[in-house]
Amino acid sequence: QVQLVESGGGLVQPGGSLRLSCAASGIIFSINQIGWYRQAPGKQRELVAAIDTTGSTNYVDSVKGRFTISRDNAKNTAYLQMNSLKPEDTGVYYCNTPLLIATSTYWGQGTQVTVSS
């Protein structure tokens with residue numbers, strides 16, 4: 001049974017940092033590309049960062065230079081280090097894999113990030 005558990009969110013002031021974690025089970029983590037997605041209030045979910053099996057990364061323009069995605073295959077865990085946070089980074093953050101998105105409706109519970117003074 002597939003399970004993706006996101007954690008590490010919270011309330012932070014503008015300019016602050018958070019580190020999100022995504023613990024995966026039920027999938028062969030090491031052969032999957034992993035993405036972090038954000039759903040802001042009233043908006044559709046968007047991909048903000050992705051890392052492939054070689055460690056190559058991609059970011060949406062709005063987070064480049066501030067967010068860093070990484071993975072630890074030995075721990076079946078992906079991370080999103082978020083620095084210099086802005087109010088527009090507020091939203092629920094989810095991790096997922098392109099394969100799961102294409103073949104199922106599964107999403108984890110997400111973790112809430114709120115950037116506010």
# chains A, B, ... in the order shown; residues from 1 in each chain; ligands from 1
>>> select_by_dssp(residues="chain A", states="strand (DSSP E or B)", output="JSON, numbers by chain")
{"A": [3, 4, 5, 6, 7, 10, 11, 12, 18, 19, 20, 21, 22, 23, 24, 25, 34, 35, 36, 37, 38, 39, 46, 47, 48, 49, 50, 51, 57, 58, 59, 67, 68, 69, 70, 71, 72, 77, 78, 79, 80, 81, 82, 91, 92, 93, 94, 95, 96, 111, 112, 113, 114, 115]}
>>> select_by_dssp(residues="chain A", states="helix (DSSP H, G or I)", output="PDB file with N, CA and C atoms, in the first residue's frame")
ATOM      1  N   PHE A  29      11.238   3.641  -3.993  1.00  0.00           N
ATOM      2  CA  PHE A  29      11.524   5.067  -3.945  1.00  0.00           C
ATOM      3  C   PHE A  29      12.653   5.455  -4.886  1.00  0.00           C
ATOM      4  N   SER A  30      13.700   4.638  -4.926  1.00  0.00           N
ATOM      5  CA  SER A  30      14.917   5.041  -5.639  1.00  0.00           C
ATOM      6  C   SER A  30      14.733   5.166  -7.141  1.00  0.00           C
ATOM      7  N   ILE A  31      13.706   4.541  -7.710  1.00  0.00           N
ATOM      8  CA  ILE A  31      13.534   4.594  -9.161  1.00  0.00           C
ATOM      9  C   ILE A  31      12.481   5.610  -9.573  1.00  0.00           C
ATOM     10  N   ASP A  61      10.045  29.021 -11.418  1.00  0.00           N
ATOM     11  CA  ASP A  61      10.821  30.253 -11.334  1.00  0.00           C
ATOM     12  C   ASP A  61      10.656  30.975 -10.002  1.00  0.00           C
ATOM     13  N   SER A  62       9.464  30.922  -9.443  1.00  0.00           N
ATOM     14  CA  SER A  62       9.181  31.705  -8.235  1.00  0.00           C
ATOM     15  C   SER A  62       9.958  31.232  -7.008  1.00  0.00           C
ATOM     16  N   VAL A  63      10.525  30.027  -7.045  1.00  0.00           N
ATOM     17  CA  VAL A  63      11.250  29.506  -5.875  1.00  0.00           C
ATOM     18  C   VAL A  63      12.736  29.295  -6.153  1.00  0.00           C
ATOM     19  N   ASN A  73      17.706   8.128  -0.647  1.00  0.00           N
ATOM     20  CA  ASN A  73      17.089   6.862  -1.052  1.00  0.00           C
ATOM     21  C   ASN A  73      17.184   5.802   0.038  1.00  0.00           C
ATOM     22  N   ALA A  74      18.215   5.857   0.847  1.00  0.00           N
ATOM     23  CA  ALA A  74      18.363   4.875   1.933  1.00  0.00           C
ATOM     24  C   ALA A  74      17.249   5.021   2.965  1.00  0.00           C
ATOM     25  N   LYS A  75      16.712   6.227   3.087  1.00  0.00           N
ATOM     26  CA  LYS A  75      15.639   6.485   4.055  1.00  0.00           C
ATOM     27  C   LYS A  75      14.276   6.606   3.394  1.00  0.00           C
ATOM     28  N   PRO A  87       5.222  35.546   1.806  1.00  0.00           N
ATOM     29  CA  PRO A  87       3.798  35.248   2.034  1.00  0.00           C
ATOM     30  C   PRO A  87       3.175  34.453   0.894  1.00  0.00           C
ATOM     31  N   GLU A  88       3.637  34.666  -0.328  1.00  0.00           N
ATOM     32  CA  GLU A  88       3.077  33.930  -1.459  1.00  0.00           C
ATOM     33  C   GLU A  88       3.509  32.462  -1.501  1.00  0.00           C
ATOM     34  N   ASP A  89       4.383  32.061  -0.606  1.00  0.00           N
ATOM     35  CA  ASP A  89       4.731  30.640  -0.482  1.00  0.00           C
ATOM     36  C   ASP A  89       3.715  29.882   0.373  1.00  0.00           C
ATOM     37  N   PRO A  98       5.451  11.261 -10.467  1.00  0.00           N
ATOM     38  CA  PRO A  98       4.705  11.300 -11.730  1.00  0.00           C
ATOM     39  C   PRO A  98       3.972   9.990 -12.027  1.00  0.00           C
ATOM     40  N   LEU A  99       4.582   8.872 -11.651  1.00  0.00           N
ATOM     41  CA  LEU A  99       3.940   7.578 -11.912  1.00  0.00           C
ATOM     42  C   LEU A  99       2.640   7.446 -11.117  1.00  0.00           C
ATOM     43  N   LEU A 100       2.684   7.826  -9.851  1.00  0.00           N
ATOM     44  CA  LEU A 100       1.472   7.740  -9.030  1.00  0.00           C
ATOM     45  C   LEU A 100       0.397   8.694  -9.537  1.00  0.00           C
ATOM     46  N   ILE A 101       0.801   9.874  -9.922  1.00  0.00           N
ATOM     47  CA  ILE A 101      -0.171  10.847 -10.405  1.00  0.00           C
ATOM     48  C   ILE A 101      -0.850  10.341 -11.672  1.00  0.00           C
ATOM     49  N   ALA A 102      -0.078   9.670 -12.523  1.00  0.00           N
ATOM     50  CA  ALA A 102      -0.621   9.189 -13.796  1.00  0.00           C
ATOM     51  C   ALA A 102      -1.506   7.963 -13.634  1.00  0.00           C
ATOM     52  N   THR A 103      -1.293   7.208 -12.572  1.00  0.00           N
ATOM     53  CA  THR A 103      -1.978   5.913 -12.452  1.00  0.00           C
ATOM     54  C   THR A 103      -2.925   5.822 -11.272  1.00  0.00           C
TER      55      THR A 103
END
>>> atom_distance(atom1="atom CA of A:Val113", atom2="atom CA of A:Ser56")
25.0 Å
>>> atom_distance(atom1="atom CA of A:Thr111", atom2="atom CA of A:Val12")
13.4 Å
>>> atom_distance(atom1="atom CA of A:Glu46", atom2="atom CA of A:Gly10")
19.4 Å
>>> residues_around(residues="A:Glu6", least_positions_apart="6", cutoff="6 Å", atoms="only C-alpha atoms", output="PyMOL selection string")
chain A and resi 21-22+110-111
>>> closest_residue(among="A:Gln44, A:Thr53, A:Thr68, A:Tyr93", to="A:Gln81", atoms="only C-alpha atoms")
A:Thr68
>>> residues_around(residues="A:Pro14", least_positions_apart="6", cutoff="6 Å", atoms="only C-alpha atoms", output="VMD selection string")
chain A and resid 85 to 86 115
>>> write_last_selection(atoms="C-alpha atoms", output="mmCIF file, in the first residue's frame")
data_model
loop_
_atom_site.group_PDB
_atom_site.id
_atom_site.type_symbol
_atom_site.label_atom_id
_atom_site.label_comp_id
_atom_site.auth_asym_id
_atom_site.auth_seq_id
_atom_site.Cartn_x
_atom_site.Cartn_y
_atom_site.Cartn_z
ATOM 1 C CA LEU A 85 10.102 32.469 2.616
ATOM 2 C CA LYS A 86 7.521 34.904 1.291
ATOM 3 C CA VAL A 115 4.218 32.667 5.909
#
>>> closest_residue(among="A:Ala23, A:Ile69, A:Leu4, A:Ile28", to="A:Ile51", atoms="only C-alpha atoms")
A:Ile69
>>> closest_residue(among="A:Arg19, A:Lys64, A:Tyr37, A:Leu11", to="A:Gly108", atoms="only C-alpha atoms")
A:Tyr37
>>> residues_around(residues="A:Ser84", least_positions_apart="5", cutoff="7 Å", atoms="only C-alpha atoms", output="short mmCIF file (atom, residue, chain, number, x, y, z; two decimals) with C-alpha atoms, in the first residue's frame")
data_model
loop_
_atom_site.label_atom_id
_atom_site.label_comp_id
_atom_site.auth_asym_id
_atom_site.auth_seq_id
_atom_site.Cartn_x
_atom_site.Cartn_y
_atom_site.Cartn_z
CA PRO A 14 8.67 36.33 6.03
CA GLY A 15 12.35 35.67 5.47
CA GLY A 16 12.28 32.55 7.61
CA SER A 17 13.05 28.95 6.74
CA ARG A 66 15.34 29.93 -2.34
#
